[in-house]
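final.txt, holding compact mmCIF, C-alpha atoms:
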# COMPACT_ATOMS: atom_id res chain seq x y z
CA MET B 103 0.00 0.00 0.00
CA PHE B 104 2.78 2.46 0.96
CA LYS B 105 4.83 1.53 -2.13
CA SER B 106 2.51 3.16 -4.66
CA LEU B 107 3.34 6.59 -6.03
CA ALA B 108 0.00 8.01 -4.86
CA ALA B 109 0.49 6.75 -1.30
CA LYS B 110 4.05 8.07 -1.14
CA ALA B 111 2.87 11.49 -2.23
CA ILE B 112 -0.39 11.72 -0.33
CA VAL B 113 0.35 10.08 3.05
CA PRO B 114 3.08 12.50 4.25
CA VAL B 115 1.23 15.58 2.98
CA ALA B 116 -2.09 14.42 4.46
CA LEU B 117 -0.43 13.63 7.81
CA SER B 118 1.38 16.97 7.95
CA VAL B 119 -1.60 19.09 6.91
CA THR B 120 -4.00 17.21 9.19
CA CYS B 121 -1.78 17.55 12.24
CA PHE B 122 -0.82 21.17 11.55
CA VAL B 123 -4.47 22.22 11.13
CA LEU B 124 -5.37 20.29 14.29
CA VAL B 125 -2.54 21.88 16.29
CA GLY B 126 -3.40 25.34 14.96
CA SER B 127 -7.05 24.86 15.91
CA ILE B 128 -6.18 23.68 19.44
CA LEU B 129 -3.79 26.60 20.05
CA LEU B 130 -6.26 29.09 18.58
CA TYR B 131 -9.09 27.72 20.71
CA ALA B 132 -6.93 27.78 23.86
CA SER B 133 -5.93 31.42 23.18
CA MET B 134 -9.50 32.52 22.51
CA LYS B 135 -10.72 30.67 25.60
CA ARG B 136 -8.09 32.39 27.76
CA ASP B 137 -9.01 35.79 26.28
CA ARG B 138 -12.71 35.23 26.93
CA ILE B 139 -12.06 34.12 30.52
CA ASP B 140 -9.81 37.16 31.16
CA GLU B 141 -12.53 39.38 29.70
CA SER B 142 -15.17 37.78 31.92
CA VAL B 143 -12.94 38.27 35.00
CA LEU B 144 -12.60 41.99 34.22
CA HIS B 145 -16.35 42.19 33.63
CA ALA B 146 -17.03 40.43 36.94
CA ASN B 147 -14.66 42.87 38.67
CA ASP B 148 -16.66 45.74 37.20
CA ILE B 149 -19.89 44.21 38.53
CA ALA B 150 -18.33 43.77 41.98
CA SER B 151 -17.20 47.38 41.87
CA VAL B 152 -20.71 48.54 40.91
CA VAL B 153 -22.20 46.57 43.82
CA LEU B 154 -19.66 48.08 46.24
CA LYS B 155 -20.34 51.61 44.96
CA SER B 156 -24.09 51.12 45.22
CA THR B 157 -23.80 49.92 48.82
CA ARG B 158 -21.28 52.59 49.86
CA TYR B 159 -23.76 55.21 51.00
CA ALA B 160 -25.83 52.69 52.93
CA MET B 161 -22.64 51.47 54.65
CA LEU B 162 -21.62 55.02 55.57
CA ARG B 163 -25.05 55.61 57.06
CA ASP B 164 -24.97 52.16 58.66
CA ASP B 165 -28.36 51.63 56.99
CA ARG B 166 -28.56 47.85 57.30
CA GLU B 167 -32.09 47.56 55.94
CA THR B 168 -31.12 49.28 52.66
CA LEU B 169 -27.95 47.19 52.46
CA ARG B 170 -29.94 44.00 52.96
CA ASN B 171 -32.33 45.07 50.19
CA ILE B 172 -29.54 45.91 47.74
CA VAL B 173 -27.77 42.60 48.34
CA SER B 174 -31.04 40.67 48.11
CA ASN B 175 -32.03 42.38 44.83
CA VAL B 176 -28.59 41.80 43.29
CA GLY B 177 -28.76 38.15 44.36
CA GLU B 178 -32.04 37.69 42.49
CA GLU B 179 -30.41 38.40 39.11
CA ASN B 180 -30.16 35.30 36.89
CA ILE B 181 -26.46 35.80 36.19
CA VAL B 182 -25.64 36.09 39.93
CA ASP B 183 -24.98 32.77 41.62
CA HIS B 184 -24.33 34.19 45.07
CA VAL B 185 -23.58 37.51 46.72
CA ARG B 186 -22.39 37.98 50.30
CA ILE B 187 -20.75 40.62 52.45
CA PHE B 188 -18.46 39.40 55.23
CA ASN B 189 -17.30 41.43 58.18
CA LYS B 190 -13.64 41.55 59.28
CA GLN B 191 -14.05 38.33 61.29
CA GLY B 192 -15.28 36.35 58.26
CA VAL B 193 -18.93 36.20 59.35
CA VAL B 194 -21.60 36.62 56.65
CA VAL B 195 -23.46 39.83 57.49
CA PHE B 196 -25.54 40.21 54.33
CA SER B 197 -26.31 37.61 51.69
CA GLY B 198 -28.57 36.99 48.72
CA ALA B 199 -29.44 33.70 50.45
CA PRO B 200 -30.77 34.74 53.91
CA HIS B 201 -29.92 31.35 55.52
CA GLU B 202 -26.20 32.13 55.06
CA VAL B 203 -26.30 35.18 57.34
CA GLY B 204 -24.37 34.58 60.55
CA GLN B 205 -22.30 31.73 59.14
CA GLU B 206 -18.54 31.96 59.52
CA VAL B 207 -16.18 31.04 56.70
CA ASP B 208 -12.83 29.37 57.04
CA LYS B 209 -10.17 31.96 56.19
CA LEU B 210 -8.11 29.25 54.54
CA ALA B 211 -10.99 28.21 52.26
CA GLU B 212 -10.70 28.77 48.50
CA GLY B 213 -11.11 32.45 47.72
CA CYS B 214 -9.87 33.50 51.20
CA TYR B 215 -6.43 31.91 51.42
CA VAL B 216 -5.07 34.13 48.62
CA CYS B 217 -4.99 36.94 51.20
CA HIS B 218 -5.00 34.94 54.44
CA ALA B 219 -2.26 32.39 53.65
CA ALA B 220 0.35 34.44 55.53
CA ALA B 221 0.12 35.60 59.15
CA GLU B 222 -0.33 39.19 57.96
CA PRO B 223 -3.19 39.22 55.40
CA VAL B 224 -2.61 40.78 52.00
CA LYS B 225 -4.40 44.14 51.78
CA THR B 226 -4.70 44.62 48.02
CA LEU B 227 -5.04 42.26 45.08
CA GLY B 228 -4.97 42.72 41.30
CA PRO B 229 -8.15 42.05 39.29
CA MET B 230 -7.00 38.55 38.24
CA GLU B 231 -6.03 37.51 41.80
CA GLN B 232 -9.47 38.51 43.09
CA ALA B 233 -11.11 35.92 40.83
CA ARG B 234 -11.61 32.22 41.36
CA ARG B 235 -13.36 29.72 39.13
CA PHE B 236 -15.04 26.57 40.34
CA VAL B 237 -17.76 24.09 39.41
CA LYS B 238 -20.65 23.66 41.83
CA ASP B 239 -21.99 20.29 42.93
CA ASP B 240 -24.79 20.58 40.36
CA GLY B 241 -22.18 21.02 37.60
CA LYS B 242 -22.70 24.75 37.06
CA PRO B 243 -19.48 26.72 36.46
CA VAL B 244 -19.08 29.87 38.57
CA LEU B 245 -16.66 32.78 38.47
CA ALA B 246 -16.41 34.45 41.89
CA ILE B 247 -14.84 37.78 42.79
CA THR B 248 -13.66 38.61 46.29
CA ALA B 249 -13.38 42.39 46.68
CA ALA B 250 -12.31 44.10 49.88
CA VAL B 251 -14.38 46.89 51.46
CA TYR B 252 -11.70 49.43 52.39
CA ASN B 253 -11.74 51.89 55.26
CA GLU B 254 -12.07 55.54 54.17
CA PRO B 255 -11.82 58.89 55.97
CA GLU B 256 -15.62 59.16 55.81
CA CYS B 257 -15.83 55.87 57.68
CA PHE B 258 -13.57 56.59 60.64
CA ASN B 259 -14.37 60.34 60.84
CA GLY B 260 -18.13 59.82 60.87
CA ALA B 261 -19.94 60.50 64.12
CA CYS B 262 -21.81 57.20 64.00
CA HIS B 263 -18.87 54.91 63.29
CA TYR B 264 -16.41 53.03 65.39
CA HIS B 265 -13.84 51.77 62.84
CA PRO B 266 -10.35 52.76 63.92
CA PRO B 267 -8.32 54.63 61.26
CA ASP B 268 -5.60 51.94 61.20
CA GLN B 269 -8.04 49.22 60.15
CA VAL B 270 -7.44 48.97 56.39
CA VAL B 271 -10.07 46.40 55.40
CA LEU B 272 -13.56 46.56 56.93
CA GLY B 273 -15.05 43.55 55.22
CA THR B 274 -15.30 41.64 51.98
CA LEU B 275 -17.78 41.36 49.14
CA ASP B 276 -18.00 37.90 47.59
CA ILE B 277 -20.01 37.78 44.37
CA GLY B 278 -20.29 34.71 42.13
CA LEU B 279 -21.41 34.94 38.52
CA SER B 280 -22.73 32.03 36.50
CA GLN B 281 -20.41 31.02 33.65
CA GLU B 282 -22.96 28.94 31.76
CA ALA B 283 -23.25 31.51 28.96
CA LEU B 284 -19.47 31.57 28.56
CA GLN B 285 -19.33 27.77 28.45
CA THR B 286 -22.03 27.71 25.75
CA THR B 287 -20.06 30.25 23.71
CA LEU B 288 -16.88 28.19 24.08
CA VAL B 289 -18.64 25.00 22.95
CA ARG B 290 -20.04 26.88 19.91
CA MET B 291 -16.56 28.23 19.15
CA ARG B 292 -15.09 24.73 19.41
CA MET B 293 -17.68 23.34 17.00
CA ARG B 294 -17.01 26.11 14.47
CA LEU B 295 -13.27 25.54 14.67
CA ALA B 296 -13.74 21.78 14.22
CA LEU B 297 -15.94 22.39 11.17
CA PHE B 298 -13.43 24.87 9.71
CA GLY B 299 -10.57 22.41 10.33
CA ALA B 300 -12.48 19.56 8.68
CA LEU B 301 -13.25 21.71 5.61
CA VAL B 302 -9.60 22.79 5.28
CA LEU B 303 -8.53 19.17 5.55
CA ILE B 304 -11.00 17.93 2.95
CA LEU B 305 -10.03 20.74 0.60
CA SER B 306 -6.26 20.32 0.94
CA VAL B 307 -5.99 16.52 1.14
CA GLY B 308 -8.78 15.98 -1.40
CA GLY B 309 -7.27 18.60 -3.70
CA VAL B 310 -3.80 17.06 -3.59
CA ALA B 311 -5.23 13.57 -4.11
CA ALA B 312 -7.38 14.65 -7.07
CA LEU B 313 -4.58 16.63 -8.74
CA LEU B 314 -2.17 13.75 -8.26
CA LYS B 315 -4.63 11.25 -9.69
CA TYR B 316 -5.51 13.26 -12.81
CA ASN B 317 -2.05 14.70 -13.50
CA VAL B 318 0.29 11.88 -12.47
CA VAL B 319 -1.30 8.53 -11.70
CA ALA B 320 -3.75 8.38 -14.65
CA PRO B 321 -1.17 9.53 -17.29
CA LEU B 322 1.33 7.02 -15.88
CA GLN B 323 -1.27 4.29 -16.22
CA ARG B 324 -1.87 5.35 -19.85
CA LEU B 325 1.90 5.12 -20.42
CA VAL B 326 1.97 1.64 -18.87
CA ASP B 327 -0.96 0.58 -21.09
CA TYR B 328 0.81 2.02 -24.14
CA VAL B 329 4.10 0.29 -23.36
CA GLU B 330 2.49 -3.05 -22.57
CA SER B 331 0.27 -3.01 -25.63
CA PRO B 332 1.60 -5.44 -28.32
CA ARG B 333 0.74 -2.98 -31.08
CA ALA B 334 1.46 0.57 -30.07
CA ALA B 335 -0.89 2.07 -32.65
CA GLU B 336 -3.90 0.57 -30.86
CA VAL B 337 -3.34 2.61 -27.69
CA LEU B 338 -2.74 6.34 -27.64
CA PRO B 339 0.29 7.49 -25.63
CA PRO B 340 -0.20 10.01 -22.80
CA ALA B 341 -0.44 13.61 -23.93
CA GLU B 342 1.82 15.01 -21.17
CA GLU B 343 5.16 16.17 -22.63
CA GLU B 344 7.41 14.18 -20.34
CA LEU B 345 5.46 10.93 -20.61
CA ALA B 346 5.05 11.33 -24.39
CA ALA B 347 8.86 11.62 -24.59
CA VAL B 348 9.18 8.37 -22.63
CA ALA B 349 6.70 6.74 -25.05
CA ARG B 350 8.73 7.94 -28.05
CA ALA B 351 11.93 6.65 -26.46
CA PHE B 352 10.26 3.30 -25.89
CA ASP B 353 9.15 3.21 -29.53
CA ARG B 354 12.74 3.75 -30.62
CA VAL B 355 13.88 0.88 -28.36
CA ARG B 356 11.06 -1.30 -29.60
CA GLY B 357 12.27 -0.62 -33.13
CA HIS B 358 9.11 0.65 -34.72
CA PRO B 359 7.46 4.02 -34.41
CA GLY B 360 4.06 4.10 -32.77
CA SER B 361 1.61 6.84 -32.04
CA GLY B 362 4.08 8.32 -29.60
CA SER B 363 6.59 9.14 -32.35
CA ASP B 364 4.50 11.84 -33.97
CA GLY B 365 5.13 14.12 -31.13
CA SER B 366 1.45 14.30 -30.16
CA MET D 275 15.17 -10.19 -4.90
CA ARG D 276 11.88 -8.86 -6.23
CA GLU D 277 12.71 -5.67 -8.08
CA GLY D 278 16.15 -7.04 -8.92
CA ASP D 279 14.71 -10.05 -10.77
CA LYS D 280 12.62 -7.84 -12.99
CA ALA D 281 15.46 -5.45 -13.73
CA GLY D 282 17.85 -8.27 -14.42
CA ALA D 283 20.23 -7.09 -11.69
CA ARG D 284 23.09 -9.27 -10.55
CA GLU D 285 22.76 -11.54 -7.50
CA PRO D 286 24.02 -9.57 -4.47
CA GLY D 287 27.18 -10.85 -2.86
CA SER D 288 27.56 -11.75 0.79
CA GLU D 289 28.60 -8.20 1.72
CA ALA D 290 25.65 -6.74 -0.10
CA ARG D 291 23.36 -9.29 1.57
CA ALA D 292 24.71 -8.25 4.96
CA ARG D 293 24.08 -4.60 4.13
CA ILE D 294 20.56 -5.43 2.93
CA GLN D 295 19.88 -7.20 6.23
CA GLN D 296 21.22 -4.16 8.05
CA TRP D 297 18.89 -1.81 6.16
CA GLN D 298 15.98 -4.22 6.66
CA ALA D 299 16.66 -4.28 10.40
CA GLN D 300 16.76 -0.47 10.45
CA ALA D 301 13.53 -0.23 8.46
CA THR D 302 11.66 -2.47 10.89
CA ARG D 303 13.33 -1.29 14.12
CA PRO D 304 10.98 -0.47 17.02
CA LEU D 305 9.69 3.08 17.15
CA TRP D 306 11.66 4.04 20.26
CA PRO D 307 11.34 7.82 19.80
CA LEU D 308 7.55 7.46 19.49
CA VAL D 309 7.51 5.24 22.60
CA ALA D 310 9.60 7.79 24.53
CA PHE D 311 7.34 10.62 23.37
CA ALA D 312 4.22 8.65 24.35
CA ALA D 313 5.68 8.14 27.84
CA VAL D 314 6.50 11.86 28.25
CA SER D 315 3.05 12.76 26.92
CA LEU D 316 1.32 10.44 29.38
CA TRP D 317 3.23 12.15 32.18
CA ALA D 318 2.31 15.58 30.79
CA VAL D 319 -1.39 14.76 30.32
CA SER D 320 -1.58 13.90 34.03
CA ASP D 321 0.13 17.26 34.80
CA PHE D 322 3.58 15.85 35.69
CA PRO D 323 2.82 13.99 38.93
CA TYR D 324 5.81 13.38 41.26
CA LEU D 325 7.72 16.24 39.62
CA PRO D 326 9.43 18.14 42.43
CA SER D 327 8.59 21.84 42.54
CA ILE D 328 11.30 24.35 41.72
CA PRO D 329 12.88 25.88 44.88
CA ASP D 330 12.05 29.54 45.51
CA GLU D 331 15.70 30.60 45.09
CA TRP D 332 15.75 29.06 41.61
CA ASN D 333 12.46 30.76 40.81
CA GLU D 334 13.96 34.11 41.74
CA VAL D 335 16.98 33.49 39.51
CA LEU D 336 14.90 32.22 36.58
CA GLY D 337 12.30 34.98 36.83
CA ARG D 338 8.80 34.88 35.41
CA PRO D 339 7.95 32.17 32.84
CA PRO D 340 7.58 33.32 29.22
CA PRO D 341 4.05 34.39 28.22
CA LEU D 342 1.96 31.59 26.73
CA SER D 343 1.58 33.52 23.48
CA TRP D 344 5.37 33.36 23.02
CA VAL D 345 5.43 29.64 23.75
CA ASN D 346 2.57 29.15 21.26
CA ALA D 347 4.42 31.14 18.59
CA ALA D 348 7.64 29.19 19.20
CA PHE D 349 5.79 25.88 19.03
CA VAL D 350 4.02 26.76 15.76
CA LEU D 351 7.36 27.89 14.28
CA TYR D 352 9.07 24.68 15.41
CA LEU D 353 6.26 22.46 14.10
CA PHE D 354 6.06 24.27 10.76
CA SER D 355 9.84 24.04 10.26
CA ALA D 356 9.99 20.38 11.29
CA LEU D 357 7.15 19.39 8.95
CA ILE D 358 8.49 21.41 6.00
CA LEU D 359 12.01 20.00 6.49
CA GLY D 360 10.60 16.49 6.85
CA LEU D 361 8.56 16.81 3.66
CA THR D 362 11.27 18.44 1.54
CA ARG D 363 13.85 15.85 2.59
CA MET D 364 11.48 12.99 1.76
CA GLY D 365 13.16 10.74 -0.80
CA THR D 366 16.46 12.63 -0.67
CA PRO D 367 19.76 10.86 0.17
CA VAL D 368 19.98 12.62 3.54
CA LYS D 369 19.96 9.97 6.25
CA PRO D 370 17.16 10.72 8.75
CA ALA D 371 18.06 11.29 12.39
CA SER D 372 16.75 8.96 15.08
CA GLY D 373 14.05 11.40 16.23
CA PHE D 374 15.16 11.60 19.87
CA ALA D 375 16.14 15.25 19.37
CA HIS D 376 12.50 15.98 18.54
CA VAL D 377 11.42 14.16 21.71
CA GLY D 378 13.70 16.54 23.63
CA TYR D 379 12.25 19.64 21.93
CA LEU D 380 8.68 18.44 22.53
CA ALA D 381 9.40 17.65 26.18
CA ALA D 382 10.79 21.20 26.53
CA PHE D 383 7.53 22.60 25.13
CA TYR D 384 5.56 20.51 27.65
CA GLY D 385 7.82 22.00 30.34
CA PHE D 386 7.28 25.60 29.19
CA TYR D 387 3.51 25.11 29.06
CA HIS D 388 3.63 23.53 32.51
CA ILE D 389 5.50 26.39 34.17
CA GLY D 390 3.46 28.96 32.21
CA GLY D 391 0.21 27.47 33.55
CA GLY D 392 -1.16 26.58 30.11
CA LEU D 393 -0.49 22.85 29.98
CA GLU D 394 -4.11 21.79 30.43
CA ASP D 395 -5.28 23.72 27.36
CA ASN D 396 -2.27 23.08 25.12
CA VAL D 397 -1.15 19.54 25.96
CA TRP D 398 -3.13 18.07 23.05
CA ALA D 399 -1.53 20.48 20.60
CA VAL D 400 1.97 19.27 21.55
CA LEU D 401 0.77 15.65 21.53
CA VAL D 402 -0.71 15.86 18.01
CA GLY D 403 2.15 17.96 16.65
CA GLY D 404 4.78 15.68 18.16
CA PHE D 405 3.08 12.60 16.79
CA ALA D 406 3.05 14.17 13.30
CA VAL D 407 6.73 15.11 13.39
CA LEU D 408 7.87 11.73 14.71
CA ALA D 409 5.60 9.76 12.36
CA LEU D 410 6.94 11.76 9.41
CA GLU D 411 10.53 11.13 10.54
CA TRP D 412 9.81 7.42 10.86
CA TYR D 413 8.18 7.30 7.41
CA ARG D 414 11.18 9.15 5.92
CA GLY D 415 13.53 6.66 7.59
CA TRP D 416 11.50 3.76 6.27
CA LEU D 417 11.54 5.16 2.72
CA PHE D 418 15.29 5.79 3.00
CA CYS D 419 15.94 2.18 4.06
CA ARG D 420 13.71 0.83 1.28
CA GLN D 421 15.65 2.93 -1.21
CA LYS D 422 18.97 1.62 0.12
CA ILE D 423 17.76 -1.98 -0.06
CA ARG D 424 16.70 -1.46 -3.68
CA GLU D 425 20.09 0.06 -4.50
CA GLU D 426 21.86 -2.96 -3.02
CA GLN D 427 19.59 -5.37 -4.87
CA GLU D 428 19.93 -3.59 -8.21
CA GLY D 429 23.53 -2.55 -7.74
CA THR D 430 22.78 0.81 -9.35
CA PRO D 431 22.61 3.46 -6.67
CA PRO D 432 20.64 6.53 -7.78
CA PHE D 433 22.23 8.48 -4.92
CA PRO D 434 25.93 9.36 -4.78
CA PRO D 435 27.87 6.62 -2.92
CA ASP D 436 29.00 8.99 -0.19
CA ALA D 437 25.41 10.06 0.59

Go ahead and render the structure in this file as structure tokens.
Amino acid sequence: MFKSLAAKAIVPVALSVTCFVLVGSILLYASMKRDRIDESVLHANDIASVVLKSTRYAMLRDDRETLRNIVSNVGEENIVDHVRIFNKQGVVVFSGAPHEVGQEVDKLAEGCYVCHAAAEPVKTLGPMEQARRFVKDDGKPVLAITAAVYNEPECFNGACHYHPPDQVVLGTLDIGLSQEALQTTLVRMRMRLALFGALVLILSVGGVAALLKYNVVAPLQRLVDYVESPRAAEVLPPAEEELAAVARAFDRVRGHPGSGSDGS
Amino acid sequence: MREGDKAGAREPGSEARARIQQWQAQATRPLWPLVAFAAVSLWAVSDFPYLPSIPDEWNEVLGRPPPLSWVNAAFVLYLFSALILGLTRMGTPVKPASGFAHVGYLAAFYGFYHIGGGLEDNVWAVLVGGFAVLALEWYRGWLFCRQKIREEQEGTPPFPPDA
């Protein structure tokens, strides 16, 4: 099978093109996936920032009823998986799910240890470090952002407040956003890339095979038929210049001119 | 003596027979580079278990890993060059290398993806690309050996003797 001219020409090209297209598709998909995830992290950071800004005034006023309402309303959004505000001790003070209020989280749990791994907690994090991705027990992917609520002059100078000025972080907002839409987009992207790769493969491998068959294999077969024919005049030699020259040379060896000698 | 019979070539002598056996053994030798690559790939797919982590002092000396986009670009360049070289040398008198050098390059790419944090997404790209390069090298080696056997059987080498 591998000894034929067609196999020798097609197998290496088909293997190389197939693998290169496959590798290119995988790398392209991985890059696009990373870009989309980075984008969604920045978007989630923006949402966390909006939630913090919208609760700022209520926090300054120590208006817990308004805060509870804001958090509850945000938590009802379809895209929001969970939203909680912890105090400095790690106790849930406000949450979109009321049963979580009063629960204490382990500071070494995922999402907390980034800051609390060392004895002295980290005070500030970049947008990418604030994010964590996980899959819930029901299989739903979630992107969560942990954003600190920082102390401000308005907080420790206010008449109603008791936060000391040297306390940098007052609490933490933890908001989780559903990543189902992103996963659907990635699956669609993967399917499109697979389809594109398959079309490129069919076009390149099929094109090479067809060209080889009509331009090389078939004319060679005509030459073989011409040479093996007992009377050369009965079979026309191939029209291709190089093979016609071989046919004429064979005629000279055979000792009598055939159709190939007329230079056709 | 298949092709030789048809071409009316002379019967190969004992030295030629020994050389033919040598080429035949080379043509059918086990695919050790592919086996080695498969072993490294298995290790990489499972995210290099039992690989000791780099000490912090070394990390400080080495600095940050290269961005994944650079590793991707380098890998595409390597793969493209290896495939083009493999294809253009197909059927030429250049004796193919064993392929272990490629296993080294591919293992290095696994390493760069691992330290860059992109192994999970890109491991299949290196696996498929590596398989293509090594399979092409093996096929080139096989064709080369077949060509040498035919030369010995026919006694009319189409390649220069020193090739």

Return the neighbours of chain D among the residues of chain B, cut-off 10 Å, counting all atoms listed in the file, as a count of residues only. 26

Using all atoms listed in the file, the shortest atom-to-atom distance to Leu144 of chain B among B:Val176, B:Leu245, B:Ala109, B:Leu169 belongs to B:Leu245

Draw an axis-aligned box over all listed atoms of segment 307-320 of chain B, pad each side with 6 Å, and write its centre and edge lengths in Å, one decimal, as JSON.
{"center_x": -4.2, "center_y": 13.5, "center_z": -6.8, "size_x": 21.1, "size_y": 22.2, "size_z": 27.8}

Please identify all polymer residues within 12 Å of His184 of chain B, counting only C-alpha atoms, omitting same-chain residues fewer than 4 positions from it, and present them as a ChimeraX atom specification. /B:150,173-180,196-200,202,238,244-248,275-280

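Nearest residue to Val307 of chain B among B:Val337, B:Leu107, B:Ile112, B:Ala347 is B:Ile112, counting all atoms listed in the file.
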
Skipping near chain neighbours, those fewer than 4 positions away, what residues fall within 8 Å of Ala108 of chain B using all atoms listed in the file, listed as a VMD selection string? chain B and resid 112 311 314 to 315 319

What does the distance from atom CA of Glu141 of chain B to atom CA of Ala318 of chain D come to in Å, to one decimal?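 Separation between atom CA of Glu141 of chain B and atom CA of Ala318 of chain D: 28.1 Å.
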
Interatomic distance between atom CA of Arg324 of chain B and atom CA of Asp353 of chain B?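 We find that atom CA of Arg324 of chain B and atom CA of Asp353 of chain B lie 14.8 Å from each other.
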
Determine the nearest neighbour of Gly337 of chain D from the options D:Gly390, D:Ala299, D:Gly415, D:Gly429, counting only C-alpha atoms.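 That would be D:Gly390, the residue with the smallest distance to Gly337 of chain D.
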
Could you please determine the separation between atom CA of Arg354 of chain B and atom CA of Leu338 of chain B in Å, to one decimal place?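 Going from atom CA of Arg354 of chain B over to atom CA of Leu338 of chain B covers 16.0 Å.
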
Fewer than 4 positions away in the same chain doesn't count, so skip those; otherwise give me all residues within 8 Å of Trp412 of chain D, counting all atoms listed in the file, as a PDB file with C-alpha atoms, in the coordinates of the input.
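This went into around_2.pdb:
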ATOM      1  CA  LEU D 305       9.690   3.080  17.150  1.00  0.00           C
ATOM      2  CA  GLY D 373      14.050  11.400  16.230  1.00  0.00           C
ATOM      3  CA  LEU D 408       7.870  11.730  14.710  1.00  0.00           C
ATOM      4  CA  TRP D 416      11.500   3.760   6.270  1.00  0.00           C
TER       5      TRP D 416
END

Could you list, as an MDAnalysis selection string, every residue within 6 Å of Val193 of chain B, counting only C-alpha atoms and ignoring same-chain residues fewer than 4 positions away? chainID B and resid 188:189 204:206

Restricting the output to C-alpha atoms, write the selected residues as an mmCIF file, keeping the file's coordinate frame.
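Result saved to selection38.cif:
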data_model
loop_
_atom_site.group_PDB
_atom_site.id
_atom_site.type_symbol
_atom_site.label_atom_id
_atom_site.label_comp_id
_atom_site.auth_asym_id
_atom_site.auth_seq_id
_atom_site.Cartn_x
_atom_site.Cartn_y
_atom_site.Cartn_z
ATOM 1 C CA PHE B 188 -18.460 39.400 55.230
ATOM 2 C CA ASN B 189 -17.300 41.430 58.180
ATOM 3 C CA GLY B 204 -24.370 34.580 60.550
ATOM 4 C CA GLN B 205 -22.300 31.730 59.140
ATOM 5 C CA GLU B 206 -18.540 31.960 59.520
#

Radius query 6 Å about (-11.0, 48.2, 51.9), atoms used: all atoms listed in the file, as a list in words: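 In the file's frame, the residues around the point are Ala250, Val251, Tyr252, Asn253, Val270, Val271 and Leu272 of chain B.
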
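With only C-alpha atoms taken into account, the protein and nucleic acid residues at most 12 Å from Pro339 of chain D (excluding it and anything under 6 positions from it in its own chain) are Asn333, Val345, Gly385, Phe386, Tyr387, His388, Ile389, Gly390, Gly391 and Gly392 of chain D.
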
Which residue, D:Trp344, D:Arg424, D:Pro307, D:Leu325, has the smallest gap to Ala371 of chain D when you use all atoms listed in the file?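 Comparing D:Trp344, D:Arg424, D:Pro307, D:Leu325 against Ala371 of chain D, the winner is D:Pro307.
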